[in-house]
>>> print(open('data.cif').read())   # mmCIF, C-alpha atoms
data_target
loop_
_atom_site.group_PDB
_atom_site.id
_atom_site.type_symbol
_atom_site.label_atom_id
_atom_site.label_comp_id
_atom_site.auth_asym_id
_atom_site.auth_seq_id
_atom_site.Cartn_x
_atom_site.Cartn_y
_atom_site.Cartn_z
ATOM 1 C CA MET A 129 0.000 0.000 0.000
ATOM 2 C CA LYS A 130 1.201 3.458 -0.920
ATOM 3 C CA LEU A 131 0.888 6.352 1.454
ATOM 4 C CA THR A 132 0.268 9.889 0.225
ATOM 5 C CA GLU A 133 1.889 12.831 1.983
ATOM 6 C CA HIS A 134 -1.550 13.930 3.170
ATOM 7 C CA GLY A 135 -2.307 10.402 4.400
ATOM 8 C CA SER A 136 0.968 10.303 6.328
ATOM 9 C CA GLU A 137 0.216 13.651 7.961
ATOM 10 C CA ARG A 138 -3.288 12.549 8.937
ATOM 11 C CA ILE A 139 -2.025 9.341 10.540
ATOM 12 C CA LYS A 140 0.381 11.391 12.659
ATOM 13 C CA ARG A 141 -2.230 14.008 13.617
ATOM 14 C CA ARG A 142 -5.246 11.791 14.158
ATOM 15 C CA THR A 143 -3.916 8.529 15.573
ATOM 16 C CA GLY A 144 -1.315 7.335 18.017
ATOM 17 C CA MET A 145 -0.356 4.610 15.543
ATOM 18 C CA THR A 146 2.586 4.211 13.202
ATOM 19 C CA GLU A 147 2.168 4.638 9.457
ATOM 20 C CA HIS A 148 3.205 1.016 8.982
ATOM 21 C CA ASP A 149 0.551 -0.298 11.376
ATOM 22 C CA VAL A 150 -2.231 1.728 9.765
ATOM 23 C CA THR A 151 -1.295 0.752 6.207
ATOM 24 C CA GLU A 152 -1.063 -2.928 7.222
ATOM 25 C CA ILE A 153 -4.523 -2.804 8.801
ATOM 26 C CA VAL A 154 -6.060 -1.129 5.761
ATOM 27 C CA GLN A 155 -4.286 -3.418 3.310
ATOM 28 C CA ALA A 156 -5.510 -6.471 5.242
ATOM 29 C CA ARG A 157 -9.020 -4.923 5.444
ATOM 30 C CA ALA A 158 -8.930 -5.542 9.203
ATOM 31 C CA GLY A 159 -11.949 -3.373 9.865
ATOM 32 C CA VAL A 160 -15.448 -2.668 8.615
ATOM 33 C CA TYR A 161 -15.888 -1.643 4.999
ATOM 34 C CA LEU A 162 -18.269 1.310 4.933
ATOM 35 C CA GLY A 163 -18.577 1.708 1.194
ATOM 36 C CA GLU A 164 -17.333 3.637 -1.790
ATOM 37 C CA SER A 165 -18.053 7.004 -3.356
ATOM 38 C CA ASN A 166 -16.360 8.618 -6.381
ATOM 39 C CA GLN A 167 -13.658 5.931 -6.405
ATOM 40 C CA TYR A 168 -12.783 6.628 -2.744
ATOM 41 C CA LYS A 169 -13.173 3.673 -0.383
ATOM 42 C CA TYR A 170 -13.886 3.947 3.326
ATOM 43 C CA LEU A 171 -12.749 1.451 5.969
ATOM 44 C CA LEU A 172 -13.539 1.818 9.653
ATOM 45 C CA PHE A 173 -10.624 0.546 11.741
ATOM 46 C CA TYR A 174 -9.842 0.569 15.441
ATOM 47 C CA SER A 175 -6.905 2.566 16.827
ATOM 48 C CA PRO A 176 -5.826 1.050 20.179
ATOM 49 C CA PRO A 177 -3.676 4.006 21.328
ATOM 50 C CA ASP A 178 -6.657 6.333 20.887
ATOM 51 C CA GLN A 179 -9.228 3.759 22.001
ATOM 52 C CA GLU A 180 -11.352 5.013 19.106
ATOM 53 C CA ALA A 181 -12.389 3.984 15.648
ATOM 54 C CA LYS A 182 -11.018 5.903 12.664
ATOM 55 C CA ILE A 183 -11.930 5.934 8.986
ATOM 56 C CA ALA A 184 -9.259 5.214 6.391
ATOM 57 C CA VAL A 185 -9.910 6.830 3.015
ATOM 58 C CA TYR A 186 -8.104 5.100 0.157
ATOM 59 C CA VAL A 187 -8.209 4.542 -3.582
ATOM 60 C CA SER A 188 -7.243 1.595 -5.763
ATOM 61 C CA SER A 189 -5.366 2.159 -9.001
ATOM 62 C CA LYS A 190 -5.959 0.172 -12.188
ATOM 63 C CA ASP A 191 -2.974 -2.056 -11.373
ATOM 64 C CA GLY A 192 -4.566 -2.962 -8.023
ATOM 65 C CA THR A 193 -2.284 -0.850 -5.827
ATOM 66 C CA ASP A 194 -4.056 0.951 -2.998
ATOM 67 C CA SER A 195 -3.099 4.443 -1.833
ATOM 68 C CA LEU A 196 -4.094 5.742 1.587
ATOM 69 C CA ILE A 197 -5.388 9.272 1.100
ATOM 70 C CA SER A 198 -6.509 10.294 4.588
ATOM 71 C CA VAL A 199 -7.615 9.210 8.048
ATOM 72 C CA TRP A 200 -10.763 10.696 9.539
ATOM 73 C CA ASP A 201 -12.411 10.531 12.927
ATOM 74 C CA SER A 202 -15.418 8.223 12.940
ATOM 75 C CA TYR A 203 -17.898 11.078 13.351
ATOM 76 C CA TYR A 204 -16.839 12.913 10.155
ATOM 77 C CA HIS A 205 -19.499 13.559 7.562
ATOM 78 C CA LEU A 206 -19.393 10.823 4.933
ATOM 79 C CA PRO A 207 -20.530 11.001 1.316
ATOM 80 C CA ARG A 208 -23.946 9.744 0.284
ATOM 81 C CA GLY A 209 -24.009 5.977 -0.102
ATOM 82 C CA VAL A 210 -21.308 5.333 2.514
ATOM 83 C CA LYS A 211 -22.527 3.782 5.788
ATOM 84 C CA ARG A 212 -22.349 5.934 8.908
ATOM 85 C CA PRO A 213 -20.430 4.099 11.651
ATOM 86 C CA THR A 214 -22.552 2.820 14.508
ATOM 87 C CA TYR A 215 -21.519 1.416 17.870
ATOM 88 C CA LYS A 216 -21.964 -2.061 16.366
ATOM 89 C CA HIS A 217 -19.555 -1.195 13.510
ATOM 90 C CA ILE A 218 -16.977 0.133 15.986
ATOM 91 C CA LYS A 219 -17.231 -3.082 18.002
ATOM 92 C CA GLN A 220 -16.824 -5.118 14.787
ATOM 93 C CA ALA A 221 -13.757 -3.044 13.823
ATOM 94 C CA ARG A 222 -12.181 -3.679 17.230
ATOM 95 C CA HIS A 223 -12.766 -7.428 16.869
ATOM 96 C CA ALA A 224 -11.403 -7.398 13.299
ATOM 97 C CA LEU A 225 -8.216 -5.783 14.587
ATOM 98 C CA GLN A 226 -7.906 -8.398 17.341
ATOM 99 C CA ARG A 227 -8.261 -11.213 14.785
ATOM 100 C CA PHE A 228 -5.680 -9.521 12.545
ATOM 101 C CA ILE A 229 -3.166 -9.212 15.405
ATOM 102 C CA ILE A 230 -3.665 -12.836 16.414
ATOM 103 C CA SER A 231 -3.255 -14.053 12.822
ATOM 104 C CA ARG A 232 0.032 -12.112 12.475
ATOM 105 C CA SER A 233 1.486 -13.685 15.620
ATOM 106 C CA ALA A 234 0.519 -17.255 14.656
#
>>> encode(input="data.cif", output="structure tokens")
Amino acid sequence: MKLTEHGSERIKRRTGMTEHDVTEIVQARAGVYLGESNQYKYLLFYSPPDQEAKIAVYVSSKDGTDSLISVWDSYYHLPRGVKRPTYKHIKQARHALQRFIISRSA
């Protein structure tokens, strides 16, 4: 996964996570897919240092490479057609992260 300059800045400002950890989580889709709008894709993921869910905004190129564009707080306004995160989605994102961490250590 590629990381744009803006995406890198947003990871630093909005999470307590490393760029590597966030890009791994998004690449593995270890979260809740909220949908797509205008070629942008939205994945809700859980950030343990913040104890909050965040939204990764990314795009896929024609060759299949993903680029992380930004990271938003879970309460940000989302485009039409993209699911608004609920408590249930946040809980699912936290469990998806736990499964991802366990699978990496196995």
>>> closest_residue(input="data.cif", among="A:Leu206, A:Val187, A:Ile197, A:Met129", to="Ile153 (chain A)", atoms="only C-alpha atoms")
A:Met129
>>> residues_around(input="data.cif", residues="region 225-233 of chain A", least_positions_apart="2", cutoff="6 Å", atoms="all atoms listed in the file", output="mmCIF file with C-alpha atoms, in the frame of the given file")
data_model
loop_
_atom_site.group_PDB
_atom_site.id
_atom_site.type_symbol
_atom_site.label_atom_id
_atom_site.label_comp_id
_atom_site.auth_asym_id
_atom_site.auth_seq_id
_atom_site.Cartn_x
_atom_site.Cartn_y
_atom_site.Cartn_z
ATOM 1 C CA ALA A 158 -8.930 -5.542 9.203
ATOM 2 C CA ARG A 222 -12.181 -3.679 17.230
ATOM 3 C CA HIS A 223 -12.766 -7.428 16.869
#
>>> residues_around(input="data.cif", residues="Glu137 (chain A)", least_positions_apart="2", cutoff="12 Å", atoms="only C-alpha atoms", output="ChimeraX atom specification")
/A:131-135,139-147,196-200
>>> closest_residue(input="data.cif", among="A:Lys190, A:Val160, A:Tyr168, A:Ser136", to="Pro213 (chain A)", atoms="only C-alpha atoms")
A:Val160
>>> residues_around(input="data.cif", residues="Arg208 (chain A)", least_positions_apart="5", cutoff="10 Å", atoms="only C-alpha atoms", output="list in words")
Gly163, Glu164 and Ser165 of chain A
>>> write_last_selection(input="data.cif", atoms="C-alpha atoms", output="mmCIF file, in the frame of the given file")
data_model
loop_
_atom_site.group_PDB
_atom_site.id
_atom_site.type_symbol
_atom_site.label_atom_id
_atom_site.label_comp_id
_atom_site.auth_asym_id
_atom_site.auth_seq_id
_atom_site.Cartn_x
_atom_site.Cartn_y
_atom_site.Cartn_z
ATOM 1 C CA GLY A 163 -18.577 1.708 1.194
ATOM 2 C CA GLU A 164 -17.333 3.637 -1.790
ATOM 3 C CA SER A 165 -18.053 7.004 -3.356
#
>>> atom_distance(input="data.cif", atom1="CA of Tyr215 (chain A)", atom2="CA of Gln167 (chain A)")
25.9 Å
>>> atom_distance(input="data.cif", atom1="CA of Gln220 (chain A)", atom2="CA of Ser195 (chain A)")
23.6 Å
>>> closest_residue(input="data.cif", among="A:Lys211, A:Lys130, A:Arg138, A:His148", to="Tyr170 (chain A)", atoms="all atoms listed in the file")
A:Lys211
>>> atom_distance(input="data.cif", atom1="CA of Gln155 (chain A)", atom2="CA of Arg212 (chain A)")
21.1 Å
>>> resolve_selection(input="data.cif", expression="the PyMOL selection byres ((chain A and resi 154) around 9)", output="ChimeraX atom specification")
/A:129,149-153,155-159,171-173,184,186,196
>>> write_last_selection(input="data.cif", atoms="C-alpha atoms", output="short mmCIF file (atom, residue, chain, number, x, y, z; two decimals), in the frame of the given file")
data_model
loop_
_atom_site.label_atom_id
_atom_site.label_comp_id
_atom_site.auth_asym_id
_atom_site.auth_seq_id
_atom_site.Cartn_x
_atom_site.Cartn_y
_atom_site.Cartn_z
CA MET A 129 0.00 0.00 0.00
CA ASP A 149 0.55 -0.30 11.38
CA VAL A 150 -2.23 1.73 9.76
CA THR A 151 -1.30 0.75 6.21
CA GLU A 152 -1.06 -2.93 7.22
CA ILE A 153 -4.52 -2.80 8.80
CA GLN A 155 -4.29 -3.42 3.31
CA ALA A 156 -5.51 -6.47 5.24
CA ARG A 157 -9.02 -4.92 5.44
CA ALA A 158 -8.93 -5.54 9.20
CA GLY A 159 -11.95 -3.37 9.86
CA LEU A 171 -12.75 1.45 5.97
CA LEU A 172 -13.54 1.82 9.65
CA PHE A 173 -10.62 0.55 11.74
CA ALA A 184 -9.26 5.21 6.39
CA TYR A 186 -8.10 5.10 0.16
CA LEU A 196 -4.09 5.74 1.59
#
>>> closest_residue(input="data.cif", among="A:Thr214, A:Ser175, A:Lys182, A:Lys219", to="Asp201 (chain A)", atoms="only C-alpha atoms")
A:Lys182
